[in-house]
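Structure data follow from target_2.txt (compact mmCIF, C-alpha atoms):
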# COMPACT_ATOMS: atom_id res chain seq x y z
CA MET A 1 74.61 105.01 92.65
CA ASN A 2 77.00 106.54 90.17
CA ALA A 3 80.13 104.88 88.81
CA THR A 4 82.55 106.99 90.85
CA VAL A 5 80.89 106.02 94.13
CA ALA A 6 80.91 102.37 93.07
CA MET A 7 84.62 102.67 92.23
CA ILE A 8 85.45 104.24 95.61
CA LEU A 9 83.44 101.63 97.53
CA THR A 10 84.96 98.73 95.56
CA LEU A 11 88.43 100.08 96.22
CA ALA A 12 87.60 100.66 99.89
CA VAL A 13 86.11 97.22 100.52
CA GLY A 14 88.87 95.48 98.57
CA THR A 15 91.61 97.39 100.34
CA TYR A 16 90.08 96.71 103.76
CA ALA A 17 89.81 93.00 102.92
CA LEU A 18 93.51 92.96 102.03
CA ARG A 19 94.32 94.69 105.31
CA LEU A 20 92.28 92.12 107.23
CA VAL A 21 94.40 89.25 105.90
CA GLY A 22 96.94 89.67 108.70
CA PRO A 23 94.56 89.91 111.70
CA ALA A 24 92.29 87.20 110.25
CA LEU A 25 95.17 84.77 110.11
CA HIS A 26 96.44 85.99 113.53
CA GLY A 27 99.86 86.35 111.95
CA ARG A 28 100.12 82.54 111.87
CA VAL A 29 101.06 82.50 108.22
CA GLU A 30 104.32 83.99 107.10
CA LEU A 31 104.76 84.87 103.45
CA PRO A 32 107.98 83.73 101.81
CA ALA A 33 110.42 86.63 101.49
CA ARG A 34 110.29 86.35 97.69
CA VAL A 35 106.50 86.84 97.66
CA ARG A 36 106.74 89.87 99.97
CA GLU A 37 109.43 91.35 97.72
CA LEU A 38 107.39 90.77 94.57
CA LEU A 39 104.30 92.43 96.09
CA SER A 40 106.28 95.57 96.92
CA ALA A 41 108.08 95.51 93.57
CA GLY A 42 104.74 95.14 91.78
CA ALA A 43 103.50 98.35 93.38
CA VAL A 44 106.55 100.25 92.14
CA VAL A 45 106.20 98.79 88.63
CA LEU A 46 102.54 99.92 88.50
CA LEU A 47 103.36 103.42 89.75
CA VAL A 48 106.20 103.89 87.26
CA ALA A 49 103.99 102.70 84.38
CA LEU A 50 101.26 105.07 85.53
CA LEU A 51 103.63 108.02 85.65
CA ALA A 52 105.17 107.14 82.27
CA THR A 53 101.82 106.87 80.49
CA GLY A 54 100.53 109.91 82.38
CA ALA A 55 103.57 111.97 81.40
CA LEU A 56 103.72 110.99 77.73
CA THR A 57 100.25 110.06 76.50
CA GLU A 58 96.83 111.63 76.28
CA GLY A 59 93.80 109.85 74.82
CA GLY A 60 95.91 107.06 73.28
CA GLY A 61 98.36 109.43 71.54
CA PHE A 62 101.38 111.61 72.37
CA ALA A 63 100.61 114.29 74.95
CA GLY A 64 102.83 116.98 73.43
CA TRP A 65 106.21 118.24 74.68
CA ALA A 66 105.16 120.56 77.51
CA ARG A 67 103.93 117.83 79.85
CA PRO A 68 106.88 115.39 79.64
CA ALA A 69 109.30 118.32 79.91
CA ALA A 70 107.48 119.51 83.03
CA VAL A 71 107.46 116.03 84.57
CA LEU A 72 111.20 115.79 83.85
CA VAL A 73 111.69 119.04 85.79
CA GLY A 74 109.70 117.46 88.63
CA ALA A 75 111.88 114.34 88.45
CA VAL A 76 115.08 116.39 88.65
CA LEU A 77 113.69 118.29 91.65
CA ALA A 78 112.71 115.00 93.33
CA TRP A 79 116.14 113.49 92.59
CA ARG A 80 117.76 116.50 94.28
CA ARG A 81 115.50 115.76 97.27
CA ALA A 82 113.33 118.84 96.93
CA PRO A 83 110.27 118.82 99.23
CA PHE A 84 107.11 117.19 97.85
CA PRO A 85 105.15 120.44 97.20
CA VAL A 86 108.15 121.94 95.36
CA VAL A 87 108.28 118.90 93.04
CA VAL A 88 104.56 119.04 92.25
CA LEU A 89 104.30 122.81 91.89
CA GLY A 90 107.57 122.93 89.93
CA ALA A 91 106.13 120.51 87.35
CA ALA A 92 102.76 122.29 87.13
CA VAL A 93 104.31 125.75 86.78
CA THR A 94 106.80 124.49 84.16
CA ALA A 95 103.97 123.08 82.05
CA GLY A 96 102.01 126.31 82.42
CA VAL A 97 104.99 128.51 81.47
CA LEU A 98 105.93 126.30 78.47
CA ARG A 99 102.36 126.48 77.19
CA SER A 100 102.09 130.22 77.58
CA ALA A 101 105.38 130.38 75.62
CA GLY A 102 103.67 128.46 72.82
CA VAL A 103 105.04 124.94 73.43
CA ALA A 104 102.24 122.42 73.09
CA MET B 1 101.56 117.75 102.51
CA ILE B 2 100.83 114.78 100.26
CA GLY B 3 97.23 114.71 101.49
CA LEU B 4 96.91 118.43 100.79
CA SER B 5 98.15 117.89 97.23
CA PHE B 6 95.80 114.95 96.73
CA GLY B 7 92.76 117.01 97.70
CA ALA B 8 93.78 120.08 95.73
CA LEU B 9 94.78 118.21 92.54
CA SER B 10 91.66 116.04 92.48
CA VAL B 11 89.35 119.03 92.78
CA ALA B 12 91.36 121.23 90.41
CA GLY B 13 91.17 118.32 87.92
CA GLY B 14 87.40 118.59 87.95
CA LEU B 15 86.23 116.12 90.59
CA PRO B 16 83.71 117.27 93.23
CA VAL B 17 85.10 117.94 96.75
CA TRP B 18 83.45 114.87 98.28
CA VAL B 19 85.31 112.41 95.99
CA PRO B 20 88.83 112.88 97.43
CA VAL B 21 87.44 113.38 100.94
CA LEU B 22 85.32 110.20 100.98
CA MET B 23 88.08 108.25 99.28
CA SER B 24 90.65 109.26 101.89
CA LEU B 25 88.36 108.20 104.75
CA VAL B 26 87.33 104.80 103.41
CA VAL B 27 90.24 103.76 101.18
CA TYR B 28 93.04 105.48 103.11
CA ALA B 29 96.00 104.51 100.91
CA GLY B 30 97.97 107.36 99.37
CA SER B 31 99.46 105.87 96.21
CA ALA B 32 96.27 103.91 95.40
CA GLN B 33 94.18 107.07 95.79
CA PHE B 34 96.47 109.11 93.53
CA SER B 35 96.50 106.31 90.98
CA ALA B 36 92.74 105.77 90.94
CA VAL B 37 92.09 109.50 90.55
CA GLY B 38 94.86 109.73 87.95
CA VAL B 39 93.24 106.96 85.89
CA LEU B 40 89.83 108.68 86.20
CA LEU B 41 91.17 112.10 85.17
CA ALA B 42 93.04 110.51 82.24
CA GLY B 43 89.72 109.21 80.92
CA GLY B 44 90.01 105.62 82.14
CA GLY B 45 86.87 103.89 83.35
CA PRO B 46 86.00 103.31 87.02
CA VAL B 47 86.76 99.59 86.62
CA ALA B 48 90.34 100.31 85.50
CA ALA B 49 90.68 102.87 88.32
CA ALA B 50 89.54 100.39 90.98
CA ALA B 51 91.67 97.57 89.53
CA THR B 52 94.81 99.72 89.54
CA GLY B 53 94.21 100.82 93.14
CA LEU B 54 93.50 97.28 94.33
CA LEU B 55 96.60 95.83 92.65
CA LEU B 56 98.68 98.56 94.28
CA ASN B 57 97.18 97.63 97.64
CA THR B 58 97.86 93.89 97.45
CA ARG B 59 101.04 94.68 99.34
CA THR B 60 99.01 95.80 102.37
CA ALA B 61 98.05 92.14 102.88
CA ALA B 62 101.74 91.40 103.47
CA PHE B 63 102.07 94.42 105.78
CA SER B 64 99.01 93.43 107.80
CA LEU B 65 100.54 89.99 108.36
CA ALA B 66 103.70 91.67 109.63
CA VAL B 67 101.84 93.72 112.26
CA ALA B 68 99.02 91.26 113.08
CA ASP B 69 100.32 90.67 116.62
CA LEU B 70 100.45 94.43 117.31
CA LEU B 71 96.74 94.96 116.75
CA GLY B 72 95.77 93.47 120.10
CA PRO B 73 93.61 90.56 121.13
CA GLY B 74 90.19 92.27 120.95
CA ARG B 75 88.05 91.83 117.87
CA ALA B 76 87.12 95.53 117.70
CA ALA B 77 90.77 96.60 118.01
CA ARG B 78 91.76 94.22 115.22
CA LEU B 79 88.96 95.39 112.93
CA PHE B 80 89.79 99.05 113.51
CA GLY B 81 93.56 98.61 113.56
CA ALA B 82 93.51 96.86 110.19
CA HIS B 83 92.24 100.06 108.57
CA LEU B 84 95.32 101.92 109.86
CA VAL B 85 97.78 99.58 108.12
CA THR B 86 99.85 101.63 105.66
CA ASP B 87 103.45 101.43 104.42
CA GLU B 88 104.44 104.23 106.76
CA THR B 89 102.65 102.97 109.89
CA VAL B 90 104.09 99.47 109.53
CA ALA B 91 107.61 100.71 108.85
CA PHE B 92 107.48 103.07 111.83
CA ALA B 93 106.04 100.46 114.21
CA LEU B 94 108.47 97.70 113.22
CA ALA B 95 111.41 100.07 113.68
CA GLN B 96 110.75 100.16 117.45
CA PRO B 97 112.98 97.94 119.61
CA ASP B 98 110.48 95.89 121.67
CA PRO B 99 106.90 94.55 121.31
CA ALA B 100 105.31 96.99 123.80
CA ARG B 101 106.79 99.99 122.04
CA ARG B 102 105.96 98.54 118.65
CA ARG B 103 102.32 98.25 119.69
CA ALA B 104 102.22 101.80 121.11
CA ALA B 105 103.95 103.18 118.03
CA PHE B 106 101.51 101.45 115.71
CA TRP B 107 98.46 102.92 117.45
CA VAL B 108 99.77 106.42 118.16
CA PHE B 109 101.36 106.88 114.75
CA GLY B 110 98.51 105.08 112.97
CA ILE B 111 95.74 107.23 114.46
CA GLY B 112 97.85 110.39 114.13
CA LEU B 113 98.58 109.74 110.46
CA PHE B 114 94.93 108.96 109.73
CA ALA B 115 93.86 112.27 111.30
CA VAL B 116 96.57 114.34 109.58
CA TRP B 117 96.01 112.69 106.19
CA ASN B 118 92.27 113.28 106.18
CA ALA B 119 92.54 116.83 107.53
CA GLY B 120 95.10 117.54 104.78
CA VAL B 121 92.88 116.11 102.04
CA LEU B 122 89.85 118.12 103.23
CA THR B 123 91.89 121.35 103.40
CA GLY B 124 93.42 120.68 100.00
CA ALA B 125 90.07 119.87 98.41
CA LEU B 126 88.54 123.10 99.73
CA ALA B 127 91.58 125.10 98.60
CA GLY B 128 91.48 123.34 95.21
CA THR B 129 88.12 124.93 94.43
CA ALA B 130 89.81 128.33 94.79
CA LEU B 131 92.69 127.46 92.43
CA GLY B 132 92.27 129.45 89.26
CA ASP B 133 93.09 128.72 85.66
CA PRO B 134 96.89 129.11 85.99
CA ALA B 135 97.05 126.03 88.22
CA ARG B 136 94.69 124.12 85.94
CA TYR B 137 96.89 125.05 83.01
CA GLY B 138 99.79 122.89 84.20
CA LEU B 139 97.76 120.45 86.23
CA ASP B 140 98.15 117.53 83.82
CA ALA B 141 101.87 117.54 84.65
CA ALA B 142 101.27 117.58 88.40
CA PHE B 143 99.88 114.03 88.70
CA PRO B 144 102.81 112.28 87.01
CA ALA B 145 105.12 114.51 89.07
CA VAL B 146 103.42 113.32 92.29
CA LEU B 147 104.05 109.72 91.25
CA VAL B 148 107.69 110.55 90.49
CA ALA B 149 108.06 112.00 93.98
CA LEU B 150 106.46 108.89 95.49
CA VAL B 151 108.57 106.24 93.69
CA LEU B 152 111.93 107.96 93.27
CA PRO B 153 113.16 107.29 96.83
CA THR B 154 112.40 103.56 96.39
CA LEU B 155 114.08 103.40 92.97
CA ARG B 156 117.08 105.23 94.38
CA ALA B 157 117.40 102.79 97.29
CA ASN B 158 116.78 99.59 95.32
CA ALA B 159 118.61 99.43 92.00
CA ARG B 160 117.17 95.99 91.18
CA LEU B 161 113.75 97.61 90.79
CA ARG B 162 114.85 99.82 87.93
CA ARG B 163 114.86 97.12 85.25
CA PRO B 164 111.34 95.73 85.88
CA ALA B 165 110.00 99.28 86.29
CA ALA B 166 111.53 100.46 83.00
CA LEU B 167 110.37 97.32 81.19
CA GLY B 168 106.84 97.72 82.58
CA ALA B 169 106.71 101.38 81.59
CA LEU B 170 107.82 100.54 78.03
CA LEU B 171 105.18 97.81 77.75
CA ALA B 172 102.51 100.21 78.99
CA LEU B 173 103.57 102.94 76.57
CA ALA B 174 103.69 100.51 73.65
CA ALA B 175 100.18 99.23 74.46
CA THR B 176 98.62 102.68 74.98
CA PRO B 177 97.49 103.34 71.38
CA PHE B 178 95.76 99.95 71.14
CA VAL B 179 93.89 99.30 74.40
CA PRO B 180 91.38 101.34 76.49
CA ALA B 181 92.75 103.91 78.99
CA GLY B 182 93.77 102.33 82.30
CA VAL B 183 94.64 98.92 80.83
CA PRO B 184 98.27 99.69 79.76
CA VAL B 185 99.29 100.25 83.38
CA LEU B 186 97.97 96.81 84.33
CA LEU B 187 99.95 95.25 81.45
CA ALA B 188 103.11 96.74 82.99
CA LEU B 189 103.04 93.99 85.61
CA ALA B 190 104.41 91.71 82.87
CA GLY B 191 107.72 93.47 83.56
CA LEU B 192 107.77 92.04 87.09
CA PRO B 193 109.60 88.76 86.26
CA ALA B 194 112.61 90.95 85.41
CA TYR B 195 112.90 91.63 89.15
CA GLY B 196 116.07 89.79 90.20
CA ARG B 197 116.54 87.94 93.46
CA THR B 198 118.28 89.44 96.48
CA GLY B 199 122.02 89.89 96.12
CA GLY B 200 121.95 89.57 92.35
CA VAL B 201 122.32 85.78 92.41
CA ARG B 202 121.00 85.52 88.87
CA ARG B 203 123.63 86.96 86.58
Please lay out the structure from this file as structure tokens.
Amino acid sequence: MNATVAMILTLAVGTYALRLVGPALHGRVELPARVRELLSAGAVVLLVALLATGALTEGGGFAGWARPAAVLVGAVLAWRRAPFPVVVLGAAVTAGVLRSAGVA
Amino acid sequence: MIGLSFGALSVAGGLPVWVPVLMSLVVYAGSAQFSAVGVLLAGGGPVAAAATGLLLNTRTAAFSLAVADLLGPGRAARLFGAHLVTDETVAFALAQPDPARRRAAFWVFGIGLFAVWNAGVLTGALAGTALGDPARYGLDAAFPAVLVALVLPTLRANARLRRPAALGALLALAATPFVPAGVPVLLALAGLPAYGRTGGVRR
């Protein structure tokens, strides 16, 4: 079994176990509001860190200017409530155009 | 549309078609899937990819508690219904006015979303194989952009999240040159204590 399959199965089993917490406890346990808030906030913190490192770094170093500039274009599009595919394609096309113009 | 992008981006990034398709069926959690594939494509190991996805999904435990009474009394219904628990399904079900409608909404929306998501991923993955070099040329910017599109509405709605998110991102960036790929993102959780209590009591 290769490592990717093992990763997918680990993620799948773990995620399903987390989803079973509610039904297994029959909803008898109620989490304190603060804990619920922190769980949701933690997810956002992880996603923002992932997008920041993904936008700025490559192999432990700086990724070059084209990628962060393109992600910034995507962020502006998302802030102006552009549809999801427009945000993603906008960023990808920007990076492609910048690179063909010679910006690393 | 998000499923379509997930399939297309994963395959265009160099993963075989079955990876996003299998993942969507058995993991079935959008942001965790994007993150795990993002970590993989960035050169992080499978352990870091799984850890990131699992940490993201700890919140589904809280959601499953919130909808536990909607899943029905039968064991089979509970086991199957649990797999359908997502941010969107729970939010949609709990928005209904009474228990009967909440239950119906959970099942109809839950099964519908599962079908649409997986059909989208499969279509995207097949289309991704046809994407040529131009798409691949800017692809590295597409994954972070997806994450921006996923978190921006939450950051816009909840200003208190901005400080811990910014702090976490800075920690992750600062750690990047020194630790293996995938680990910096996990370190970002150290920014979480900066998350203030409701109503800004701490000031």
Mind running range 57-115 of chain B against range 17-33 of chain A at 12 Å and telling me each contacting residue's nearest atom pair with the distance in Å (one decimal), counting all atoms listed in the file, chain and number ascending, as CSV?
residue,atom,partner,partner_atom,distance
B:Asn57,CA,A:Leu18,CA,7.4
B:Thr58,CA,A:Leu18,CA,6.4
B:Arg59,CA,A:Leu18,CA,8.2
B:Thr60,CA,A:Arg19,CA,5.6
B:Ala61,CA,A:Leu18,CA,4.7
B:Ala62,CA,A:Leu31,CA,7.2
B:Phe63,CA,A:Gly22,CA,7.6
B:Ser64,CA,A:Gly22,CA,4.4
B:Leu65,CA,A:Gly22,CA,3.6
B:Ala66,CA,A:Gly27,CA,7.0
B:Val67,CA,A:Gly22,CA,7.3
B:Ala68,CA,A:Pro23,CA,4.9
B:Asp69,CA,A:Gly27,CA,6.4
B:Leu70,CA,A:Pro23,CA,9.3
B:Leu71,CA,A:Pro23,CA,7.5
B:Gly72,CA,A:Pro23,CA,9.2
B:Pro73,CA,A:His26,CA,9.3
B:Gly74,CA,A:Pro23,CA,10.5
B:Arg75,CA,A:Pro23,CA,9.2
B:Ala76,CA,A:Pro23,CA,11.1
B:Ala77,CA,A:Pro23,CA,9.9
B:Arg78,CA,A:Pro23,CA,6.2
B:Leu79,CA,A:Leu20,CA,7.4
B:Phe80,CA,A:Leu20,CA,9.7
B:Gly81,CA,A:Pro23,CA,9.0
B:Ala82,CA,A:Arg19,CA,5.4
B:His83,CA,A:Arg19,CA,6.6
B:Leu84,CA,A:Arg19,CA,8.6
B:Val85,CA,A:Arg19,CA,6.6
B:Thr86,CA,A:Arg19,CA,8.9
B:Asp87,CA,A:Arg19,CA,11.4
B:Val90,CA,A:Arg19,CA,11.7
Now that the selection is made, can you save its residues with C-alpha atoms as a PDB file, in the coordinates of the input?
ATOM      1  CA  ASN B  57      97.180  97.630  97.640  1.00  0.00           C
ATOM      2  CA  THR B  58      97.860  93.890  97.450  1.00  0.00           C
ATOM      3  CA  ARG B  59     101.040  94.680  99.340  1.00  0.00           C
ATOM      4  CA  THR B  60      99.010  95.800 102.370  1.00  0.00           C
ATOM      5  CA  ALA B  61      98.050  92.140 102.880  1.00  0.00           C
ATOM      6  CA  ALA B  62     101.740  91.400 103.470  1.00  0.00           C
ATOM      7  CA  PHE B  63     102.070  94.420 105.780  1.00  0.00           C
ATOM      8  CA  SER B  64      99.010  93.430 107.800  1.00  0.00           C
ATOM      9  CA  LEU B  65     100.540  89.990 108.360  1.00  0.00           C
ATOM     10  CA  ALA B  66     103.700  91.670 109.630  1.00  0.00           C
ATOM     11  CA  VAL B  67     101.840  93.720 112.260  1.00  0.00           C
ATOM     12  CA  ALA B  68      99.020  91.260 113.080  1.00  0.00           C
ATOM     13  CA  ASP B  69     100.320  90.670 116.620  1.00  0.00           C
ATOM     14  CA  LEU B  70     100.450  94.430 117.310  1.00  0.00           C
ATOM     15  CA  LEU B  71      96.740  94.960 116.750  1.00  0.00           C
ATOM     16  CA  GLY B  72      95.770  93.470 120.100  1.00  0.00           C
ATOM     17  CA  PRO B  73      93.610  90.560 121.130  1.00  0.00           C
ATOM     18  CA  GLY B  74      90.190  92.270 120.950  1.00  0.00           C
ATOM     19  CA  ARG B  75      88.050  91.830 117.870  1.00  0.00           C
ATOM     20  CA  ALA B  76      87.120  95.530 117.700  1.00  0.00           C
ATOM     21  CA  ALA B  77      90.770  96.600 118.010  1.00  0.00           C
ATOM     22  CA  ARG B  78      91.760  94.220 115.220  1.00  0.00           C
ATOM     23  CA  LEU B  79      88.960  95.390 112.930  1.00  0.00           C
ATOM     24  CA  PHE B  80      89.790  99.050 113.510  1.00  0.00           C
ATOM     25  CA  GLY B  81      93.560  98.610 113.560  1.00  0.00           C
ATOM     26  CA  ALA B  82      93.510  96.860 110.190  1.00  0.00           C
ATOM     27  CA  HIS B  83      92.240 100.060 108.570  1.00  0.00           C
ATOM     28  CA  LEU B  84      95.320 101.920 109.860  1.00  0.00           C
ATOM     29  CA  VAL B  85      97.780  99.580 108.120  1.00  0.00           C
ATOM     30  CA  THR B  86      99.850 101.630 105.660  1.00  0.00           C
ATOM     31  CA  ASP B  87     103.450 101.430 104.420  1.00  0.00           C
ATOM     32  CA  VAL B  90     104.090  99.470 109.530  1.00  0.00           C
TER      33      VAL B  90
END
Self-check item: Top pick for closest residue to Gly112 in chain B, considering B:Ala36, B:Thr89, B:Gly13, B:Ala142 and counting all atoms listed in the file
Solution: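 Smallest separation from Gly112 in chain B among the options: B:Thr89.
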Quiz item: Can you list, as a ChimeraX atom specification, every protein, DNA or RNA residue that comes within 10 Å of Leu173 in chain B when you count only C-alpha atoms, leaving out same-chain residues fewer than 3 positions away?
Solution: /A:49-50,52-54,56-57,60-62 /B:167-170,176-178,184-185,187-188
Practice problem: Quick one: everything within 10 Å of range 79-86 of chain A, counting all atoms listed in the file, minus sequence neighbours fewer than 6 positions away in the same chain. Send it as a PyMOL selection string. | Solution: (chain A and resi 73+92) or (chain B and resi 1-2+4-5+145-146+148-150+152-153+156)
Practice problem: Fewer than 4 positions away in the same chain doesn't count, so skip those; otherwise give me all residues within 9 Å of Ala66 in chain A, counting only C-alpha atoms, as a list of chain:residue names. | Solution: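 Once the nearby chain positions are removed, what remains is A:Ala70, A:Val71, A:Thr94, A:Ala95, A:Gly96, A:Val97, A:Leu98, A:Arg99, A:Val103, A:Ala104, B:Gly138, B:Ala141.
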Self-check item: Atomic distance CA of Glu37 in chain A - CA of Ala51 in chain B, expressed in Å with one decimal
Solution: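 Atom-to-atom, CA of Glu37 in chain A to CA of Ala51 in chain B, that is 20.5 Å.
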Quiz item: Looking at B:Val183, B:Leu54, B:Val37, B:Leu94, which one is nearest to chain A, with distances taken over all atoms listed in the file?
Solution: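 Selected residue with least distance to chain A: B:Leu54.
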Practice problem: Compare B:Pro144, B:Pro46, B:Ala95, B:Leu161 by their minimum atom-to-atom distance to Gly182 in chain B, counting all atoms listed in the file, and give me the closest one. | Solution: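 Counting all atoms listed in the file, the residue closest to Gly182 in chain B is B:Pro46.
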Quiz item: Quick one: residues within 9 Å of Glu58 in chain A, only C-alpha atoms counted, chain neighbours fewer than 6 positions away excluded, as a PyMOL selection string?
Solution: (chain A and resi 64) or (chain B and resi 42-43)
Quiz prompt | d(CA of Ala194 in chain B, CA of Val39 in chain B) in Å | solution = 25.1 Å
Quiz prompt | Radius query 9 Å about (107.9, 91.1, 85.4), atoms used: all atoms listed in the file, as a VMD selection string | solution = (chain A and resid 42 45) or (chain B and resid 164 to 165 167 to 168 188 to 195)
Practice problem: Calculate how many Å separate CA of Gly74 in chain A from CA of Ala91 in chain A, rounding to one decimal. | Solution: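 One can read the CA of Gly74 in chain A to CA of Ala91 in chain A distance as 4.9 Å.
Closest approach to Leu89 in chain A from the set B:Tyr137, B:Trp107, B:Trp18, B:Phe92 is made by B:Tyr137, with distances taken over only C-alpha atoms.
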Quiz item: With all atoms listed in the file as the basis for distance, which of A:Leu77, A:Ala12, A:Leu72, A:Gly90 is at the shortest distance from chain B?
Solution: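 Once distances to chain B are computed over all atoms listed in the file, the minimum belongs to A:Ala12.
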Quiz item: Near range 7-12 of chain B, counting only C-alpha atoms, which residues have an atom at most 7 Å away, once you skip same-chain residues fewer than 5 positions from it, shown as a list in words?
Solution: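 Neighbouring residues, sequence-local ones excluded: Val17, Pro20, Val37, Val121, Leu122, Gly124, Ala125, Ala127, Gly128, Thr129, Leu131 and Arg136 of chain B.
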Would you give the centre and edge lengths, in Å to one decimal, of a box along x, y and z around the listed atoms of range 50-65 of chain A, with 8 Å added to each side, as JSON?
{"center_x": 100.0, "center_y": 111.7, "center_z": 78.6, "size_x": 28.4, "size_y": 29.2, "size_z": 30.1}
Quiz prompt | Option closest in space to Gly53 in chain B, from A:Ser100, A:Ser40, A:Thr15, A:Asn2 [counting only C-alpha atoms] | solution =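 Comparing A:Ser100, A:Ser40, A:Thr15, A:Asn2 against Gly53 in chain B, the winner is A:Thr15.
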